[in-house]
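Student: Dropping in protein28.cif, with mmCIF, C-alpha atoms and all ligand atoms.
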data_run
#
loop_
_atom_site.label_atom_id
_atom_site.label_comp_id
_atom_site.auth_asym_id
_atom_site.auth_seq_id
_atom_site.Cartn_x
_atom_site.Cartn_y
_atom_site.Cartn_z
CA MET W 30 -23.93 -20.24 -2.01
CA LEU W 31 -21.68 -18.16 0.19
CA HIS W 32 -21.86 -18.62 3.95
CA LYS W 33 -23.23 -15.40 5.50
CA LYS W 34 -20.04 -14.92 7.51
CA VAL W 35 -17.89 -15.26 4.37
CA GLU W 36 -20.15 -12.83 2.52
CA GLU W 37 -19.80 -10.30 5.35
CA ILE W 38 -16.04 -10.55 5.61
CA CYS W 39 -15.67 -10.34 1.79
CA ASN W 40 -17.81 -7.19 1.84
CA ARG W 41 -15.51 -5.82 4.55
CA GLN W 42 -12.69 -6.46 2.06
CA VAL W 43 -14.58 -4.61 -0.71
CA GLU W 44 -14.53 -1.58 1.58
CA ARG W 45 -10.85 -2.05 2.46
CA GLU W 46 -9.74 -2.39 -1.18
CA GLY W 47 -11.87 0.66 -2.05
CA TYR W 48 -10.20 2.60 0.76
CA SER W 49 -6.76 1.46 -0.48
CA SER W 50 -7.62 2.87 -3.91
CA ALA W 51 -8.76 6.20 -2.41
CA LEU W 52 -5.72 6.37 -0.12
CA TYR W 53 -3.26 5.88 -2.97
CA LEU W 54 -5.18 8.33 -5.15
CA SER W 55 -4.89 10.94 -2.42
CA MET W 56 -1.17 10.20 -2.05
CA ALA W 57 -0.73 10.42 -5.85
CA SER W 58 -2.42 13.80 -5.95
CA TRP W 59 -0.24 15.05 -3.07
CA ALA W 60 2.91 13.82 -4.87
CA GLU W 61 1.82 15.48 -8.12
CA ASN W 62 1.36 18.79 -6.29
CA ASN W 63 4.73 18.47 -4.57
CA GLY W 64 7.10 18.02 -7.50
CA LEU W 65 7.24 14.23 -7.41
CA PRO W 66 5.80 13.10 -10.76
CA GLY W 67 7.47 9.66 -10.58
CA VAL W 68 6.00 8.93 -7.15
CA ALA W 69 2.63 10.26 -8.35
CA SER W 70 2.67 7.99 -11.37
CA TRP W 71 3.50 4.91 -9.25
CA LEU W 72 0.65 5.74 -6.87
CA TYR W 73 -1.92 6.44 -9.62
CA VAL W 74 -1.23 2.97 -11.06
CA GLN W 75 -1.42 1.47 -7.57
CA SER W 76 -4.74 3.17 -6.98
CA ASP W 77 -6.11 1.64 -10.22
CA GLU W 78 -4.89 -1.80 -9.13
CA GLU W 79 -6.67 -1.48 -5.80
CA ARG W 80 -9.89 -0.66 -7.62
CA LEU W 81 -9.45 -3.88 -9.60
CA HIS W 82 -8.94 -5.78 -6.32
CA MET W 83 -12.21 -4.30 -5.07
CA LEU W 84 -13.97 -5.35 -8.30
CA LYS W 85 -12.64 -8.90 -7.98
CA PHE W 86 -14.29 -9.19 -4.56
CA ILE W 87 -17.54 -7.58 -5.76
CA LYS W 88 -17.81 -9.97 -8.71
CA TYR W 89 -16.89 -13.00 -6.63
CA ILE W 90 -19.52 -12.23 -3.95
CA ASN W 91 -22.22 -11.74 -6.59
CA GLU W 92 -21.20 -14.81 -8.61
CA ARG W 93 -21.49 -16.99 -5.50
CA GLY W 94 -25.04 -15.84 -4.76
CA GLY W 95 -24.13 -13.18 -2.21
CA LYS W 96 -24.80 -9.46 -2.37
CA ALA W 97 -21.82 -7.16 -2.79
CA LEU W 98 -22.21 -3.91 -0.89
CA ILE W 99 -20.57 -0.60 -1.65
CA LEU W 100 -20.06 0.98 1.73
CA ALA W 101 -19.08 4.56 2.55
CA LEU W 102 -15.34 5.02 2.60
CA LYS W 103 -13.58 7.01 5.28
CA LYS W 104 -11.73 10.07 4.05
CA PRO W 105 -8.06 9.37 3.33
CA PRO W 106 -5.37 11.76 4.59
CA ALA W 107 -4.50 14.53 2.10
CA GLU W 108 -1.23 15.87 3.53
CA PHE W 109 2.07 14.04 3.94
CA LYS W 110 5.45 15.21 5.20
CA SER W 111 7.62 13.49 2.60
CA ALA W 112 7.86 10.68 0.07
CA GLU W 113 9.32 8.53 2.83
CA GLU W 114 6.28 9.11 5.00
CA VAL W 115 4.04 8.21 2.06
CA PHE W 116 5.79 4.88 1.47
CA LEU W 117 5.95 4.07 5.18
CA GLN W 118 2.17 4.51 5.20
CA VAL W 119 1.84 2.39 2.03
CA LEU W 120 3.80 -0.43 3.69
CA LYS W 121 1.83 -0.15 6.94
CA HIS W 122 -1.42 -0.20 4.98
CA GLU W 123 -0.39 -3.21 2.88
CA GLU W 124 0.55 -5.11 6.06
CA PHE W 125 -2.91 -4.32 7.37
CA VAL W 126 -4.48 -5.59 4.11
CA THR W 127 -2.38 -8.78 4.28
CA ALA W 128 -3.63 -9.42 7.83
CA SER W 129 -7.16 -8.76 6.62
CA ILE W 130 -6.84 -11.26 3.73
CA ASN W 131 -5.35 -13.81 6.15
CA GLU W 132 -8.39 -13.46 8.41
CA ILE W 133 -10.65 -14.36 5.46
CA VAL W 134 -8.41 -17.33 4.61
CA GLN W 135 -8.66 -18.46 8.25
CA LEU W 136 -12.48 -18.21 8.19
CA THR W 137 -12.75 -20.19 4.95
CA LEU W 138 -10.68 -22.97 6.52
CA GLU W 139 -12.88 -23.01 9.63
CA LEU W 140 -16.02 -23.19 7.47
CA LYS W 141 -14.45 -25.57 4.92
CA ASP W 142 -15.25 -23.12 2.12
CA PHE W 143 -12.53 -24.34 -0.23
CA THR W 144 -13.88 -22.42 -3.23
CA THR W 145 -13.39 -19.07 -1.51
CA HIS W 146 -10.10 -20.35 -0.13
CA ASN W 147 -8.99 -21.00 -3.70
CA PHE W 148 -10.24 -17.56 -4.85
CA LEU W 149 -8.14 -15.94 -2.09
CA GLN W 150 -4.85 -17.47 -3.19
CA TRP W 151 -4.43 -14.79 -5.88
CA PHE W 152 -4.68 -12.14 -3.13
CA VAL W 153 -2.25 -14.01 -0.85
CA ASN W 154 0.36 -13.88 -3.64
CA GLU W 155 -0.49 -10.31 -4.57
CA GLN W 156 0.09 -9.18 -0.98
CA ILE W 157 3.60 -10.69 -1.02
CA GLN W 158 4.37 -8.56 -4.12
CA GLU W 159 2.75 -5.42 -2.76
CA GLU W 160 4.61 -5.52 0.55
CA ALA W 161 7.87 -6.29 -1.29
CA SER W 162 7.51 -3.28 -3.64
CA ALA W 163 6.77 -0.90 -0.76
CA ARG W 164 9.84 -2.20 1.12
CA MET W 165 12.01 -1.93 -2.01
CA ILE W 166 11.01 1.73 -2.55
CA LEU W 167 11.65 2.50 1.13
CA ASP W 168 15.12 0.94 0.80
CA LYS W 169 15.79 3.14 -2.23
CA LEU W 170 14.63 6.21 -0.32
CA LYS W 171 17.01 5.37 2.52
CA LEU W 172 19.89 5.23 0.00
CA VAL W 173 18.89 8.61 -1.41
CA GLY W 174 18.89 10.00 2.14
CA LYS W 175 22.36 8.62 2.82
CA ASN W 176 23.75 10.02 -0.44
CA ASN W 177 22.37 13.45 0.38
CA MET W 178 23.91 13.25 3.85
CA TYR W 179 27.21 12.19 2.28
CA ILE W 180 27.26 15.23 -0.05
CA PHE W 181 26.16 17.51 2.78
CA ASP W 182 28.91 16.09 5.01
CA ARG W 183 31.58 16.64 2.34
CA ASP W 184 30.34 20.16 1.79
CA ILE W 185 30.66 21.03 5.50
CA LEU W 186 34.10 19.39 5.57
CA SER W 187 35.41 21.54 2.71
CA LEU W 188 33.89 24.62 4.34
CA ARG W 189 35.78 23.80 7.54
CA ALA W 190 39.00 23.24 5.57
CA ALA W 191 38.66 26.66 3.91
CA GLU W 192 38.05 28.33 7.34
CA ALA W 193 41.16 26.65 8.76
CA ALA W 194 43.45 28.02 6.05
CA PRO W 195 42.16 31.53 5.17
CA ASN W 196 45.53 32.99 4.16
CA GLN W 197 46.67 30.29 1.79
CA PRO W 198 47.02 31.44 -1.82
CA ALA W 199 44.21 30.21 -4.01
FE1 LIG Y 201 -5.35 -4.73 -2.62
FE2 LIG Y 201 -2.74 -3.45 -1.95
O1 LIG Y 201 -4.05 -4.55 -1.45
#
In structure tokens, write the structure found in this file.
Tutor:
Amino acid sequence: MLHKKVEEICNRQVEREGYSSALYLSMASWAENNGLPGVASWLYVQSDEERLHMLKFIKYINERGGKALILALKKPPAEFKSAEEVFLQVLKHEEFVTASINEIVQLTLELKDFTTHNFLQWFVNEQIQEEASARMILDKLKLVGKNNMYIFDRDILSLRAAEAAPNQPA
């Protein structure tokens, strides 16, 4: 039987995983409408995974004699400035989820609930992966930015060179 405090904090996590799913779905839809089908596809899959995380918590709470609750989700943002902003928000959100999972781990240790502690290990590992993928995509985006700047810089340089020598034969 789950300790009431563990049940409550796991239900808080049901809501947070559900919100993650809605947030990534909203980001996916924005990306799809803004000419970024690859980003959209990554986020749609991520949204599905978050729903599975939510289901894992729901089933665990119910299996252990608790009562899983489906709470109202807050509305996720619908507009983003860029793909970089999207992935910065993904990383920030995943760091928040990691901290949230760690709080549950901490509580299970305090209450000596080793069964829930064991259940949480999958999420501890998953969070390492999720933060790492968000960081990897952000690193890629930074490279894309630099390459664009490089091309832009070269373009301006050749423009300047042409201005400096207007009378040279072509
Ligand atoms: Fe379920 Fe991305 O945390």
Student: I want to know what sits within 6 Å of Ala57 of chain W, based on only C-alpha atoms, with residues of the same chain fewer than 4 positions away left out; could you give that as a PDB file with C-alpha atoms, keeping the file's coordinate frame?
Tutor:
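Here's the written file out.pdb:
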ATOM      1  CA  TYR W  53      -3.260   5.880  -2.970  1.00  0.00           C
ATOM      2  CA  ALA W  69       2.630  10.260  -8.350  1.00  0.00           C
ATOM      3  CA  LEU W  72       0.650   5.740  -6.870  1.00  0.00           C
ATOM      4  CA  TYR W  73      -1.920   6.440  -9.620  1.00  0.00           C
TER       5      TYR W  73
END
Student: Neighbouring residues of ligand LIG 201 (chain Y) are defined here as those with any atom at most 10 Å from a ligand atom, counting only C-alpha atoms and all ligand atoms; list them as an MDAnalysis selection string.
Tutor: chainID W and resid 42:43 45:50 53 75:83 85 119:120 122:127 129:130 152:153 155:160 163
Student: Can you measure atom CA of Val134 of chain W to atom CA of Met56 of chain W for me? One decimal in Å is fine.
Tutor: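 Atom-to-atom, atom CA of Val134 of chain W to atom CA of Met56 of chain W, that is 29.2 Å.
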Student: Fewer than 3 positions away in the same chain doesn't count, so skip those; otherwise give me all residues within 8 Å of segment 105-110 of chain W, counting only C-alpha atoms, as a VMD selection string.
Tutor: chain W and resid 48 51 to 52 55 to 56 59 114 to 115
Student: One decimal, in Å: what's the spacing between atom CA of Phe116 of chain W and atom CA of Asn154 of chain W?
Tutor: 20.2 Å
Student: Report the distance between atom CA of Arg164 of chain W and atom CA of Trp71 of chain W in Å, rounded to one decimal place.
Tutor: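 So the two atoms, atom CA of Arg164 of chain W and atom CA of Trp71 of chain W, lie 14.1 Å apart.
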Student: Taking into account all atoms listed in the file, which residue in the set W:Gly67, W:Ser58, W:Gln135, W:Leu100 is nearest to Ile87 of chain W?
Tutor: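 Among the listed residues, the smallest separation from Ile87 of chain W belongs to W:Leu100.
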Student: So, with only C-alpha atoms as the atoms that count, which of W:Ala112, W:Leu98, W:Trp151, W:Lys104 lies closest to Pro66 of chain W?
Tutor: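 Using only C-alpha atoms, the shortest distance to Pro66 of chain W belongs to W:Ala112.
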Student: Could you check the closest approach to Leu84 of chain W for each of W:Asn40, W:Thr137, W:Thr144, W:Asn131 and tell me which residue wins, using all atoms listed in the file?
Tutor: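 Using all atoms listed in the file, the shortest distance to Leu84 of chain W belongs to W:Asn40.
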